[in-house]
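*Asks:* File name protein12.cif; file contents mmCIF, C-alpha atoms; full text below.
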```cif
data_coords
loop_
_atom_site.label_atom_id
_atom_site.label_comp_id
_atom_site.auth_asym_id
_atom_site.auth_seq_id
_atom_site.Cartn_x
_atom_site.Cartn_y
_atom_site.Cartn_z
CA MET Z 1378 79.89 15.40 -46.83
CA GLY Z 1379 78.08 13.44 -49.51
CA ASP Z 1380 78.45 10.24 -47.48
CA MET Z 1381 77.04 11.99 -44.44
CA SER Z 1382 74.01 13.21 -46.43
CA SER Z 1383 73.46 9.71 -47.83
CA MET Z 1384 73.56 8.16 -44.35
CA SER Z 1385 71.17 10.77 -43.07
CA ARG Z 1386 68.71 10.08 -45.87
CA GLU Z 1387 68.93 6.30 -45.24
CA SER Z 1388 68.29 6.83 -41.53
CA LYS Z 1389 65.20 8.91 -42.28
CA LYS Z 1390 63.91 6.22 -44.68
CA GLN Z 1391 64.20 3.50 -42.03
CA GLN Z 1392 62.44 5.70 -39.49
CA LEU Z 1393 59.64 6.37 -41.98
CA ARG Z 1394 59.24 2.63 -42.67
CA ARG Z 1395 58.89 1.92 -38.95
CA GLN Z 1396 56.21 4.59 -38.63
CA MET Z 1397 54.28 3.16 -41.59
CA ILE Z 1398 54.31 -0.34 -40.12
CA THR Z 1399 53.18 0.64 -36.62
CA PRO Z 1400 51.52 4.03 -36.61
CA GLY Z 1401 51.96 5.96 -33.41
CA LYS Z 1402 54.13 3.29 -31.73
CA ASP Z 1403 57.77 3.50 -30.64
CA PHE Z 1404 59.87 0.30 -30.71
CA PRO Z 1405 63.26 -0.18 -29.04
CA PRO Z 1406 66.21 0.40 -31.37
CA GLY Z 1407 67.86 -2.63 -32.98
CA ARG Z 1408 64.56 -4.47 -33.74
CA SER Z 1409 64.19 -5.66 -37.33
CA GLN Z 1410 61.33 -4.79 -39.64
CA LYS Z 1411 60.15 -8.43 -39.60
CA GLU Z 1412 60.06 -8.52 -35.81
CA GLU Z 1413 58.13 -5.29 -35.71
CA GLN Z 1414 55.62 -6.67 -38.24
CA GLU Z 1415 55.13 -9.86 -36.19
CA LEU Z 1416 54.57 -7.87 -33.01
CA TYR Z 1417 52.00 -5.68 -34.76
CA VAL Z 1418 50.12 -8.72 -36.11
CA ALA Z 1419 50.14 -10.34 -32.64
CA ARG Z 1420 48.71 -7.20 -31.07
CA GLN Z 1421 45.97 -7.02 -33.70
CA LYS Z 1422 45.01 -10.67 -33.05
CA LYS Z 1423 44.85 -10.05 -29.30
CA ARG Z 1424 42.75 -6.94 -29.88
CA ARG Z 1425 40.30 -8.87 -32.11
CA LYS Z 1426 40.08 -11.65 -29.53
CA ASN Z 1427 39.28 -9.14 -26.77
CA LEU Z 1428 36.63 -7.50 -28.95
CA ILE Z 1429 35.04 -10.90 -29.62
CA LYS Z 1430 34.98 -11.67 -25.87
CA ALA Z 1431 33.44 -8.29 -25.09
CA GLY Z 1432 30.85 -8.81 -27.83
CA LEU Z 1433 29.93 -12.25 -26.48
CA ALA Z 1434 29.64 -10.87 -22.93
CA LEU Z 1435 27.41 -8.05 -24.18
CA ALA Z 1436 25.27 -10.53 -26.12
CA LEU Z 1437 24.87 -12.66 -22.97
CA VAL Z 1438 23.79 -9.57 -21.02
CA PHE Z 1439 21.17 -8.79 -23.67
CA VAL Z 1440 19.96 -12.40 -23.70
CA ALA Z 1441 19.74 -12.45 -19.89
CA ALA Z 1442 17.94 -9.09 -19.84
CA GLY Z 1443 15.54 -10.31 -22.51
CA GLY Z 1444 14.90 -13.51 -20.58
CA TRP Z 1445 14.29 -11.57 -17.36
CA PHE Z 1446 11.96 -9.18 -19.15
CA TYR Z 1447 10.03 -12.11 -20.64
CA TYR Z 1448 9.88 -13.88 -17.29
CA GLN Z 1449 8.67 -10.80 -15.42
CA GLN Z 1450 6.48 -9.12 -18.02
CA ILE Z 1451 5.16 -11.85 -20.32
CA PHE Z 1452 5.61 -15.28 -18.72
CA ARG Z 1453 2.42 -16.64 -17.15
CA PHE Z 1454 2.58 -18.83 -14.06
CA THR Z 1455 0.26 -21.82 -14.14
CA GLU Z 1456 0.73 -23.42 -10.72
CA TYR Z 1457 2.31 -22.98 -7.31
CA GLU Z 1458 3.80 -24.95 -4.46
CA THR Z 1459 3.62 -24.23 -0.74
CA ILE Z 1460 7.10 -23.70 0.65
CA ARG Z 1461 6.04 -22.62 4.15
CA GLN Z 1462 2.86 -22.96 6.18
CA ILE Z 1463 2.36 -21.26 9.55
CA PRO Z 1464 -0.74 -21.55 11.79
CA LEU Z 1465 -2.21 -18.28 13.07
CA SER Z 1466 -4.49 -17.59 16.01
CA GLN Z 1467 -7.85 -16.44 14.63
CA GLY Z 1468 -9.72 -14.61 17.38
CA SER Z 1469 -12.50 -12.28 16.23
CA LEU Z 1470 -10.65 -11.42 13.01
CA VAL Z 1471 -11.66 -8.28 11.12
CA GLY Z 1472 -8.79 -8.06 8.64
CA TYR Z 1473 -5.14 -7.52 7.71
CA GLU Z 1474 -3.48 -4.40 6.33
CA THR Z 1475 0.02 -3.89 4.95
CA PHE Z 1476 1.98 -2.17 7.72
CA GLY Z 1477 5.67 -1.28 7.52
CA LYS Z 1478 7.36 -4.25 5.85
CA ASN Z 1479 4.79 -6.73 7.17
CA VAL Z 1480 1.08 -6.72 8.10
CA ILE Z 1481 -1.05 -5.61 11.01
CA LYS Z 1482 -3.80 -7.99 12.05
CA TYR Z 1483 -6.75 -6.36 13.78
CA THR Z 1484 -9.66 -8.01 15.54
CA ARG Z 1485 -12.44 -6.90 17.85
CA ASP Z 1486 -10.32 -7.77 20.89
CA GLY Z 1487 -6.80 -6.74 19.86
CA ALA Z 1488 -4.14 -6.07 17.25
CA SER Z 1489 -0.82 -7.69 16.38
CA TYR Z 1490 2.08 -6.95 14.03
CA VAL Z 1491 2.79 -10.16 12.08
CA ASP Z 1492 6.04 -10.69 10.17
CA ASN Z 1493 6.40 -12.73 6.98
CA ARG Z 1494 7.13 -15.87 9.00
CA GLY Z 1495 3.82 -15.66 10.85
CA ALA Z 1496 5.40 -14.55 14.12
CA ALA Z 1497 3.77 -11.77 16.13
CA VAL Z 1498 6.33 -8.99 16.64
CA TRP Z 1499 3.96 -7.48 19.21
CA ASN Z 1500 0.40 -7.91 20.49
CA ASP Z 1501 -1.99 -5.45 22.09
CA SER Z 1502 -5.41 -6.02 23.61
CA TYR Z 1503 -8.52 -3.82 23.45
CA GLU Z 1504 -12.28 -4.24 23.11
CA MET Z 1505 -14.11 -2.77 20.10
CA LYS Z 1506 -17.43 -3.46 18.44
CA LEU Z 1507 -16.37 -2.34 14.95
CA PRO Z 1508 -12.63 -1.57 14.57
CA ILE Z 1509 -11.54 0.52 11.58
CA VAL Z 1510 -7.88 1.03 10.67
CA SER Z 1511 -5.79 3.68 8.93
CA VAL Z 1512 -2.19 2.85 7.97
CA ASN Z 1513 0.47 5.27 6.74
CA GLY Z 1514 3.97 3.82 6.41
CA ASP Z 1515 5.18 2.74 9.86
CA TYR Z 1516 2.18 4.11 11.78
CA ALA Z 1517 -1.34 2.75 12.23
CA ALA Z 1518 -4.42 4.03 14.05
CA ILE Z 1519 -7.27 1.71 15.01
CA ALA Z 1520 -10.55 3.31 16.08
CA ASP Z 1521 -13.87 1.92 17.25
CA GLN Z 1522 -16.37 3.10 14.64
CA GLN Z 1523 -19.41 4.53 16.44
CA GLY Z 1524 -17.36 4.14 19.60
CA ASN Z 1525 -14.95 6.48 21.39
CA LYS Z 1526 -11.48 4.86 21.52
CA ILE Z 1527 -8.43 5.31 19.26
CA TYR Z 1528 -5.20 3.31 19.58
CA ILE Z 1529 -2.02 4.49 17.87
CA TYR Z 1530 0.80 2.11 16.89
CA ASN Z 1531 4.13 2.02 15.11
CA THR Z 1532 6.05 -1.09 14.10
CA SER Z 1533 7.47 -1.36 17.63
CA GLY Z 1534 4.06 -1.42 19.35
CA LYS Z 1535 1.49 0.92 20.90
CA VAL Z 1536 2.64 4.52 21.29
CA GLY Z 1537 -0.58 6.22 22.40
CA GLU Z 1538 -4.33 6.17 22.81
CA ALA Z 1539 -7.07 8.79 22.77
CA THR Z 1540 -10.74 9.08 23.67
CA THR Z 1541 -13.54 11.14 22.12
CA ILE Z 1542 -16.87 12.14 23.62
CA LEU Z 1543 -18.89 11.79 20.40
CA PRO Z 1544 -18.96 8.60 18.28
CA ILE Z 1545 -16.15 8.18 15.72
CA THR Z 1546 -16.99 7.85 12.01
CA LYS Z 1547 -13.57 8.26 10.30
CA VAL Z 1548 -9.91 8.03 11.30
CA ALA Z 1549 -6.69 8.95 9.44
CA VAL Z 1550 -3.04 8.76 10.50
CA SER Z 1551 0.12 10.34 9.11
CA GLY Z 1552 3.45 8.59 8.57
CA LEU Z 1553 4.66 10.24 11.81
CA GLY Z 1554 1.70 9.30 14.01
CA PHE Z 1555 -0.43 12.47 13.78
CA VAL Z 1556 -4.10 11.36 13.96
CA ALA Z 1557 -7.27 13.04 12.71
CA VAL Z 1558 -10.76 11.72 13.53
CA VAL Z 1559 -14.23 12.73 12.44
CA VAL Z 1560 -16.93 12.41 15.09
CA GLU Z 1561 -20.66 12.76 14.66
CA GLY Z 1562 -22.92 15.01 16.72
CA PRO Z 1563 -26.71 15.45 16.63
CA ALA Z 1564 -26.60 18.12 13.89
CA SER Z 1565 -22.93 18.51 12.93
CA SER Z 1566 -19.73 16.58 12.37
CA TYR Z 1567 -16.48 17.59 14.08
CA LEU Z 1568 -12.81 17.03 13.33
CA TYR Z 1569 -10.38 16.47 16.21
CA CYS Z 1570 -6.63 15.89 15.93
CA PHE Z 1571 -4.17 14.13 18.26
CA THR Z 1572 -0.42 13.74 18.50
CA LYS Z 1573 1.07 10.25 18.31
CA ASP Z 1574 0.89 9.76 22.10
CA GLY Z 1575 -2.83 10.57 22.06
CA SER Z 1576 -2.58 14.12 23.40
CA PRO Z 1577 -4.94 16.70 21.85
CA HIS Z 1578 -3.28 18.59 19.00
CA GLY Z 1579 -5.52 21.62 19.43
CA THR Z 1580 -6.98 21.51 15.92
CA GLU Z 1581 -10.79 21.37 15.88
CA MET Z 1582 -13.30 21.96 13.09
CA LYS Z 1583 -17.08 21.91 12.95
CA ALA Z 1584 -19.12 21.11 9.84
CA ASN Z 1585 -22.80 20.64 9.03
CA ILE Z 1586 -24.60 19.87 5.83
CA SER Z 1587 -26.52 23.16 5.72
CA GLY Z 1588 -23.32 25.18 6.20
CA ASN Z 1589 -19.84 24.34 4.90
CA GLY Z 1590 -20.77 20.69 4.52
CA TYR Z 1591 -20.73 17.28 6.20
CA MET Z 1592 -17.36 15.47 6.23
CA MET Z 1593 -17.43 12.29 4.17
CA ASP Z 1594 -13.75 11.30 4.37
CA ILE Z 1595 -10.32 12.57 5.44
CA SER Z 1596 -6.68 11.76 4.66
CA VAL Z 1597 -3.45 13.04 6.24
CA SER Z 1598 -0.14 13.45 4.40
CA LYS Z 1599 2.86 11.35 5.39
CA ASP Z 1600 4.53 14.21 7.28
CA GLY Z 1601 1.28 15.16 9.04
CA THR Z 1602 1.34 18.78 7.85
CA GLN Z 1603 -1.49 18.52 5.32
CA MET Z 1604 -5.00 17.12 5.32
CA MET Z 1605 -7.58 16.73 2.60
CA ALA Z 1606 -11.28 16.18 3.21
CA SER Z 1607 -14.37 15.51 1.13
CA TYR Z 1608 -17.64 17.21 2.05
CA VAL Z 1609 -21.27 16.96 1.01
CA TYR Z 1610 -23.27 20.18 1.28
CA LEU Z 1611 -26.62 21.62 0.19
CA LYS Z 1612 -26.94 24.15 -2.62
CA GLY Z 1613 -30.34 25.15 -3.97
CA GLY Z 1614 -31.90 22.19 -2.19
CA GLN Z 1615 -29.51 19.74 -3.93
CA ALA Z 1616 -26.65 17.79 -2.41
CA LYS Z 1617 -23.24 18.78 -3.81
CA SER Z 1618 -19.69 17.65 -3.06
CA ARG Z 1619 -16.38 19.41 -2.60
CA VAL Z 1620 -12.79 18.54 -1.76
CA VAL Z 1621 -10.86 20.81 0.59
CA PHE Z 1622 -7.16 21.03 1.55
CA TYR Z 1623 -5.75 22.18 4.90
CA ASP Z 1624 -2.19 22.94 5.99
CA PHE Z 1625 -1.12 22.52 9.65
CA SER Z 1626 2.50 23.67 9.14
CA GLU Z 1627 3.94 27.17 9.41
CA VAL Z 1628 2.92 27.69 5.77
CA GLY Z 1629 -0.79 27.56 6.57
CA LYS Z 1630 -0.87 29.24 9.97
CA ASN Z 1631 -2.00 32.58 8.51
CA GLN Z 1632 -4.89 31.04 6.57
CA ALA Z 1633 -8.40 31.06 8.01
CA THR Z 1634 -9.07 27.65 9.61
CA ARG Z 1635 -5.85 26.45 7.90
CA LEU Z 1636 -7.76 26.25 4.62
CA VAL Z 1637 -5.43 26.44 1.58
CA GLY Z 1638 -7.60 25.12 -1.25
CA GLY Z 1639 -11.05 23.98 -2.23
CA PHE Z 1640 -12.58 22.39 -5.34
CA ASP Z 1641 -16.31 22.34 -6.04
CA GLU Z 1642 -16.76 22.24 -9.81
CA PRO Z 1643 -15.17 18.82 -10.52
CA PHE Z 1644 -17.56 17.20 -8.01
CA GLU Z 1645 -20.76 19.07 -8.78
CA ASN Z 1646 -22.48 15.90 -9.97
CA ALA Z 1647 -20.54 13.39 -7.91
CA VAL Z 1648 -20.26 11.93 -4.43
CA VAL Z 1649 -16.71 11.65 -3.02
CA PRO Z 1650 -16.59 8.79 -0.50
CA ARG Z 1651 -12.79 8.49 -0.44
CA VAL Z 1652 -9.80 10.84 -0.51
CA VAL Z 1653 -6.17 9.74 -0.17
CA TYR Z 1654 -2.65 11.10 -0.18
CA LEU Z 1655 -0.33 9.22 -2.54
CA LYS Z 1656 3.42 9.71 -2.88
CA THR Z 1657 4.51 13.31 -2.31
CA PRO Z 1658 3.16 15.71 -3.57
CA TYR Z 1659 0.20 13.87 -5.13
CA SER Z 1660 -3.28 13.04 -3.86
CA CYS Z 1661 -6.51 11.64 -5.28
CA ALA Z 1662 -10.23 12.11 -4.68
CA PHE Z 1663 -12.38 9.14 -5.69
CA GLY Z 1664 -15.62 10.56 -7.03
CA SER Z 1665 -18.59 8.55 -8.22
CA THR Z 1666 -17.79 9.74 -11.77
CA GLY Z 1667 -14.08 8.89 -11.62
CA PRO Z 1668 -10.82 9.79 -9.84
CA VAL Z 1669 -9.50 13.36 -9.69
CA PHE Z 1670 -5.76 13.89 -9.19
CA PHE Z 1671 -4.12 16.79 -7.33
CA SER Z 1672 -0.65 18.12 -6.60
CA SER Z 1673 0.35 20.00 -3.44
CA LYS Z 1674 3.75 21.03 -4.76
CA ASN Z 1675 2.67 24.58 -3.89
CA LEU Z 1676 1.49 24.09 -0.31
CA LEU Z 1677 -0.54 27.30 -0.32
CA LYS Z 1678 -2.25 26.51 -3.61
CA PRO Z 1679 -3.03 22.84 -4.33
CA GLU Z 1680 -3.57 22.23 -8.05
CA MET Z 1681 -5.93 19.86 -9.86
CA LEU Z 1682 -3.85 17.86 -12.34
CA SER Z 1683 -6.51 15.84 -14.14
CA GLN Z 1684 -10.05 14.56 -13.88
CA VAL Z 1685 -11.01 11.13 -15.20
CA LEU Z 1686 -14.66 10.86 -16.25
CA LEU Z 1687 -15.90 7.27 -16.44
CA GLU Z 1688 -19.21 6.56 -18.11
CA GLU Z 1689 -19.66 3.18 -16.46
CA GLU Z 1690 -20.58 2.55 -12.85
CA ILE Z 1691 -17.57 2.27 -10.56
CA GLN Z 1692 -17.46 -1.13 -8.89
CA GLY Z 1693 -14.29 -0.81 -6.82
CA ILE Z 1694 -11.27 1.37 -6.01
CA PHE Z 1695 -7.79 0.60 -4.61
CA TYR Z 1696 -4.40 2.29 -4.51
CA SER Z 1697 -0.77 2.32 -3.39
CA ASP Z 1698 1.67 5.22 -3.04
CA GLU Z 1699 2.51 4.92 -6.75
CA TYR Z 1700 -0.73 3.83 -8.43
CA VAL Z 1701 -4.51 4.20 -8.38
CA GLY Z 1702 -6.82 1.43 -9.59
CA VAL Z 1703 -10.49 1.64 -10.53
CA VAL Z 1704 -12.76 -1.22 -11.58
CA VAL Z 1705 -15.93 -0.42 -13.55
CA TRP Z 1706 -18.73 -2.54 -14.92
CA ASN Z 1707 -17.83 -2.99 -18.57
CA ASN Z 1708 -20.11 -2.21 -21.52
CA THR Z 1709 -18.39 -4.43 -24.11
CA ASN Z 1710 -18.37 -8.17 -24.71
CA GLU Z 1711 -14.69 -8.58 -23.79
CA GLY Z 1712 -15.37 -8.96 -20.07
CA GLU Z 1713 -17.98 -7.97 -17.52
CA ARG Z 1714 -15.52 -5.71 -15.68
CA ARG Z 1715 -12.72 -3.36 -16.73
CA LEU Z 1716 -9.65 -2.39 -14.75
CA GLU Z 1717 -8.21 1.11 -15.18
CA VAL Z 1718 -4.85 1.99 -13.59
CA TYR Z 1719 -3.25 5.44 -13.26
CA ARG Z 1720 0.01 6.76 -11.85
CA ALA Z 1721 0.00 9.06 -8.84
CA ASP Z 1722 0.20 12.09 -11.15
CA GLY Z 1723 -2.92 10.96 -13.05
CA LYS Z 1724 -1.20 9.53 -16.13
CA HIS Z 1725 -3.00 6.48 -17.52
CA VAL Z 1726 -1.15 3.16 -17.26
CA LEU Z 1727 -3.48 0.43 -18.53
CA SER Z 1728 -7.00 -0.78 -19.32
CA LYS Z 1729 -7.78 -4.46 -18.81
CA GLU Z 1730 -11.10 -6.19 -19.35
CA PHE Z 1731 -11.77 -9.28 -17.27
CA THR Z 1732 -14.44 -11.59 -15.91
CA TYR Z 1733 -13.78 -12.55 -12.31
CA ASP Z 1734 -15.75 -12.25 -9.05
CA TYR Z 1735 -13.27 -10.64 -6.68
CA THR Z 1736 -13.92 -9.20 -3.23
CA HIS Z 1737 -10.51 -7.60 -2.52
CA ALA Z 1738 -8.05 -5.64 -4.64
CA ASP Z 1739 -4.51 -4.48 -3.81
CA ILE Z 1740 -1.46 -3.05 -5.55
CA ASP Z 1741 1.91 -4.26 -4.26
CA GLY Z 1742 4.87 -2.83 -6.15
CA GLU Z 1743 4.24 -3.45 -9.85
CA LEU Z 1744 1.65 -6.19 -9.29
CA ILE Z 1745 -2.15 -5.94 -9.11
CA PHE Z 1746 -3.93 -8.49 -6.91
CA LEU Z 1747 -7.62 -9.33 -7.35
CA TYR Z 1748 -8.82 -12.06 -5.01
CA ASN Z 1749 -11.69 -13.56 -3.08
CA ASP Z 1750 -11.81 -16.04 -0.22
CA ASN Z 1751 -10.43 -18.97 -2.25
CA SER Z 1752 -8.83 -17.72 -5.50
CA CYS Z 1753 -6.85 -14.89 -7.05
CA ARG Z 1754 -5.91 -13.15 -10.30
CA ILE Z 1755 -2.60 -11.30 -10.57
CA TYR Z 1756 -1.72 -8.78 -13.30
CA ASN Z 1757 1.39 -6.73 -13.93
CA MET Z 1758 1.43 -3.10 -15.04
CA ALA Z 1759 1.59 -4.20 -18.67
CA GLY Z 1760 -1.85 -5.81 -18.24
CA VAL Z 1761 -0.46 -9.36 -18.50
CA GLU Z 1762 -2.23 -11.93 -16.36
CA LYS Z 1763 0.59 -13.50 -14.33
CA LEU Z 1764 -1.50 -15.99 -12.34
CA ASP Z 1765 -5.01 -17.39 -12.14
CA ALA Z 1766 -5.11 -19.70 -9.13
CA VAL Z 1767 -7.62 -21.50 -6.92
CA PHE Z 1768 -6.63 -22.24 -3.32
CA ASP Z 1769 -7.74 -25.07 -1.06
CA PHE Z 1770 -7.67 -22.83 2.00
CA ALA Z 1771 -9.34 -19.57 3.09
CA VAL Z 1772 -7.78 -16.28 1.94
CA THR Z 1773 -7.99 -12.87 3.61
CA LYS Z 1774 -4.90 -11.04 2.29
CA ILE Z 1775 -2.33 -11.57 -0.50
CA ARG Z 1776 0.97 -9.75 -0.92
CA ARG Z 1777 4.40 -10.29 -2.45
CA GLY Z 1778 6.73 -12.68 -0.66
CA SER Z 1779 10.30 -12.08 0.46
CA ALA Z 1780 11.85 -13.81 -2.57
CA PRO Z 1781 11.16 -13.29 -6.31
CA ASN Z 1782 8.06 -15.09 -7.62
CA THR Z 1783 6.77 -15.88 -4.15
CA LEU Z 1784 3.55 -14.75 -2.48
CA LEU Z 1785 2.34 -14.52 1.11
CA VAL Z 1786 -1.24 -15.77 1.24
CA ILE Z 1787 -2.79 -14.99 4.61
CA GLY Z 1788 -6.02 -16.49 5.89
CA PRO Z 1789 -7.96 -16.40 9.16
CA GLN Z 1790 -6.14 -19.44 10.55
CA GLU Z 1791 -2.86 -19.74 8.63
CA MET Z 1792 -0.23 -17.99 6.53
CA ARG Z 1793 1.35 -19.68 3.55
CA GLU Z 1794 4.31 -18.67 1.48
CA ILE Z 1795 3.92 -20.07 -2.01
CA LYS Z 1796 6.32 -20.22 -4.95
CA LEU Z 1797 4.89 -19.62 -8.41
CA LYS Z 1798 5.83 -22.02 -11.21
#
```
When written as structure tokens, how does the structure in this file appear?

*Replies:*
Amino acid sequence: MGDMSSMSRESKKQQLRRQMITPGKDFPPGRSQKEEQELYVARQKKRRKNLIKAGLALALVFVAAGGWFYYQQIFRFTEYETIRQIPLSQGSLVGYETFGKNVIKYTRDGASYVDNRGAAVWNDSYEMKLPIVSVNGDYAAIADQQGNKIYIYNTSGKVGEATTILPITKVAVSGLGFVAVVVEGPASSYLYCFTKDGSPHGTEMKANISGNGYMMDISVSKDGTQMMASYVYLKGGQAKSRVVFYDFSEVGKNQATRLVGGFDEPFENAVVPRVVYLKTPYSCAFGSTGPVFFSSKNLLKPEMLSQVLLEEEIQGIFYSDEYVGVVVWNNTNEGERRLEVYRADGKHVLSKEFTYDYTHADIDGELIFLYNDNSCRIYNMAGVEKLDAVFDFAVTKIRRGSAPNTLLVIGPQEMREIKLK
């Protein structure tokens, strides 16, 4: 009995030693303590080696991310090389606008959809004295200002056309092809709407400066259910401005004249020459005193989010779905102009003072393009100047290229894809 107890105690001691050497591990019976110790040490070495490899891989990821961040946000390009050059037919060129994934070229005698290799996806002919264009996603409307014709396109070609009796002053298109135009009569302005094939939509409005006001500008939401308009009207013998919102969906059918919101006070001392829908549900009215941002999250009650009051004279405006840019004449010695950029919800992004005589401004993704007919300045959203370049060819439009750090520079007679270095 005593021998049995002694053997039992010895067995428990050996089991305890094994547990102390390799906590939580079970080894096959018959293995010696030395073998178990060697296996444990080998496992620990392998574990340390794997941790070192993982640490090195993580360090490489951080280094690569840091390098990419520096390259994209801080690195400044100093030169470029032309990697592709394509001749373009000029015609009576008026301009280019970003359209779908490419650009639409419009002239006095026709329009074409040009891809990033300079090839015309489609062409269409017309005759206009002064073509004006509105683009919204994959749809574009080209109207003859002070004329009577409207042509409606998507990225596959012409889908419709419409005619007005009175001369056209403004045109706006939705991302689904719904078109609104303002026409001018002897004493009043009128709004007419058309479906994408050019058929009358049935929506008509009349405005005059002594009544509800004269329409200055219009914009249609991407889905075509909402429209915003700026008006100038008389009050006490003085010209005042207002911004009004309409809803053409089921939501607004019970409202008088589809009116769902109006704002007078923010524009009491301003003129509002431009209104625009940004990404859903945001919109912006460009007043002479600064931009005013709205949200139509509640379709029956649009809300003013913020009003930016700028003391300096506004010299230029531009925008994308995501951002709004304003250039003012500067009142400091850091530069003769100042760039202010805001997000679609009105939050301020950057201020940048600069001295540069630009004639065009665009936002493409996270890049800001300022350019004239033979040079450009490019900034990112951190305010870093990415490029200051002079070209030896005429420039009409600049946008990002198909590959990283490339640009498409489009002129009246040629398109070039350039790589920044």

*Asks:* Build an axis-aligned box that encloses every atom of range 1499-1512 of chain Z listed in the file, pad it by 5 Å on each side, and report its centre and edge lengths in Å to one decimal, as AutoDock Vina command-line options.

*Replies:*
```
--center_x -6.7 --center_y -2.1 --center_z 15.8 --size_x 31.4 --size_y 21.6 --size_z 25.6
```

*Asks:* For this file, the PyMOL selection byres ((chain Z and resi 1718) around 12) selects which residues, as an mmCIF file with C-alpha atoms, in the coordinates of the input?

*Replies:*
```cif
data_model
loop_
_atom_site.group_PDB
_atom_site.id
_atom_site.type_symbol
_atom_site.label_atom_id
_atom_site.label_comp_id
_atom_site.auth_asym_id
_atom_site.auth_seq_id
_atom_site.Cartn_x
_atom_site.Cartn_y
_atom_site.Cartn_z
ATOM 1 C CA GLY Z 1667 -14.080 8.890 -11.620
ATOM 2 C CA PRO Z 1668 -10.820 9.790 -9.840
ATOM 3 C CA VAL Z 1685 -11.010 11.130 -15.200
ATOM 4 C CA GLY Z 1693 -14.290 -0.810 -6.820
ATOM 5 C CA ILE Z 1694 -11.270 1.370 -6.010
ATOM 6 C CA PHE Z 1695 -7.790 0.600 -4.610
ATOM 7 C CA TYR Z 1696 -4.400 2.290 -4.510
ATOM 8 C CA SER Z 1697 -0.770 2.320 -3.390
ATOM 9 C CA GLU Z 1699 2.510 4.920 -6.750
ATOM 10 C CA TYR Z 1700 -0.730 3.830 -8.430
ATOM 11 C CA VAL Z 1701 -4.510 4.200 -8.380
ATOM 12 C CA GLY Z 1702 -6.820 1.430 -9.590
ATOM 13 C CA VAL Z 1703 -10.490 1.640 -10.530
ATOM 14 C CA VAL Z 1704 -12.760 -1.220 -11.580
ATOM 15 C CA VAL Z 1705 -15.930 -0.420 -13.550
ATOM 16 C CA ARG Z 1715 -12.720 -3.360 -16.730
ATOM 17 C CA LEU Z 1716 -9.650 -2.390 -14.750
ATOM 18 C CA GLU Z 1717 -8.210 1.110 -15.180
ATOM 19 C CA TYR Z 1719 -3.250 5.440 -13.260
ATOM 20 C CA ARG Z 1720 0.010 6.760 -11.850
ATOM 21 C CA ALA Z 1721 0.000 9.060 -8.840
ATOM 22 C CA ASP Z 1722 0.200 12.090 -11.150
ATOM 23 C CA GLY Z 1723 -2.920 10.960 -13.050
ATOM 24 C CA LYS Z 1724 -1.200 9.530 -16.130
ATOM 25 C CA HIS Z 1725 -3.000 6.480 -17.520
ATOM 26 C CA VAL Z 1726 -1.150 3.160 -17.260
ATOM 27 C CA LEU Z 1727 -3.480 0.430 -18.530
ATOM 28 C CA SER Z 1728 -7.000 -0.780 -19.320
ATOM 29 C CA LYS Z 1729 -7.780 -4.460 -18.810
ATOM 30 C CA GLU Z 1730 -11.100 -6.190 -19.350
ATOM 31 C CA ASP Z 1739 -4.510 -4.480 -3.810
ATOM 32 C CA ILE Z 1740 -1.460 -3.050 -5.550
ATOM 33 C CA GLU Z 1743 4.240 -3.450 -9.850
ATOM 34 C CA LEU Z 1744 1.650 -6.190 -9.290
ATOM 35 C CA ILE Z 1745 -2.150 -5.940 -9.110
ATOM 36 C CA TYR Z 1756 -1.720 -8.780 -13.300
ATOM 37 C CA ASN Z 1757 1.390 -6.730 -13.930
ATOM 38 C CA MET Z 1758 1.430 -3.100 -15.040
ATOM 39 C CA ALA Z 1759 1.590 -4.200 -18.670
ATOM 40 C CA GLY Z 1760 -1.850 -5.810 -18.240
#
```

*Asks:* Quick check, in Å to one decimal: how far apart do CA of Ile1595 in chain Z and CA of Ala1549 in chain Z lie?

*Replies:*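 Answer for the CA of Ile1595 in chain Z to CA of Ala1549 in chain Z separation: 6.5 Å.
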
*Asks:* Starting from the PyMOL selection byres ((chain Z and resi 1469-1475) around 8), expand the selection into actual residues of this file and give them as a list in words.

*Replies:*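 With the shown file as input, the PyMOL selection byres ((chain Z and resi 1469-1475) around 8) matches Gln1467, Gly1468, Phe1476, Gly1477, Lys1478, Asn1479, Val1480, Ile1481, Lys1482, Tyr1483, Thr1484, Arg1485, Asp1486, Pro1508, Val1512, Thr1773, Lys1774 and Pro1789 of chain Z.
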
*Asks:* What would the file look like if the residues just selected were written as a short mmCIF file (atom, residue, chain, number, x, y, z; two decimals), in the coordinates of the input with C-alpha atoms?

*Replies:*
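Okay, again_0.cif is ready:
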```
data_model
loop_
_atom_site.label_atom_id
_atom_site.label_comp_id
_atom_site.auth_asym_id
_atom_site.auth_seq_id
_atom_site.Cartn_x
_atom_site.Cartn_y
_atom_site.Cartn_z
CA GLN Z 1467 -7.85 -16.44 14.63
CA GLY Z 1468 -9.72 -14.61 17.38
CA PHE Z 1476 1.98 -2.17 7.72
CA GLY Z 1477 5.67 -1.28 7.52
CA LYS Z 1478 7.36 -4.25 5.85
CA ASN Z 1479 4.79 -6.73 7.17
CA VAL Z 1480 1.08 -6.72 8.10
CA ILE Z 1481 -1.05 -5.61 11.01
CA LYS Z 1482 -3.80 -7.99 12.05
CA TYR Z 1483 -6.75 -6.36 13.78
CA THR Z 1484 -9.66 -8.01 15.54
CA ARG Z 1485 -12.44 -6.90 17.85
CA ASP Z 1486 -10.32 -7.77 20.89
CA PRO Z 1508 -12.63 -1.57 14.57
CA VAL Z 1512 -2.19 2.85 7.97
CA THR Z 1773 -7.99 -12.87 3.61
CA LYS Z 1774 -4.90 -11.04 2.29
CA PRO Z 1789 -7.96 -16.40 9.16
#
```
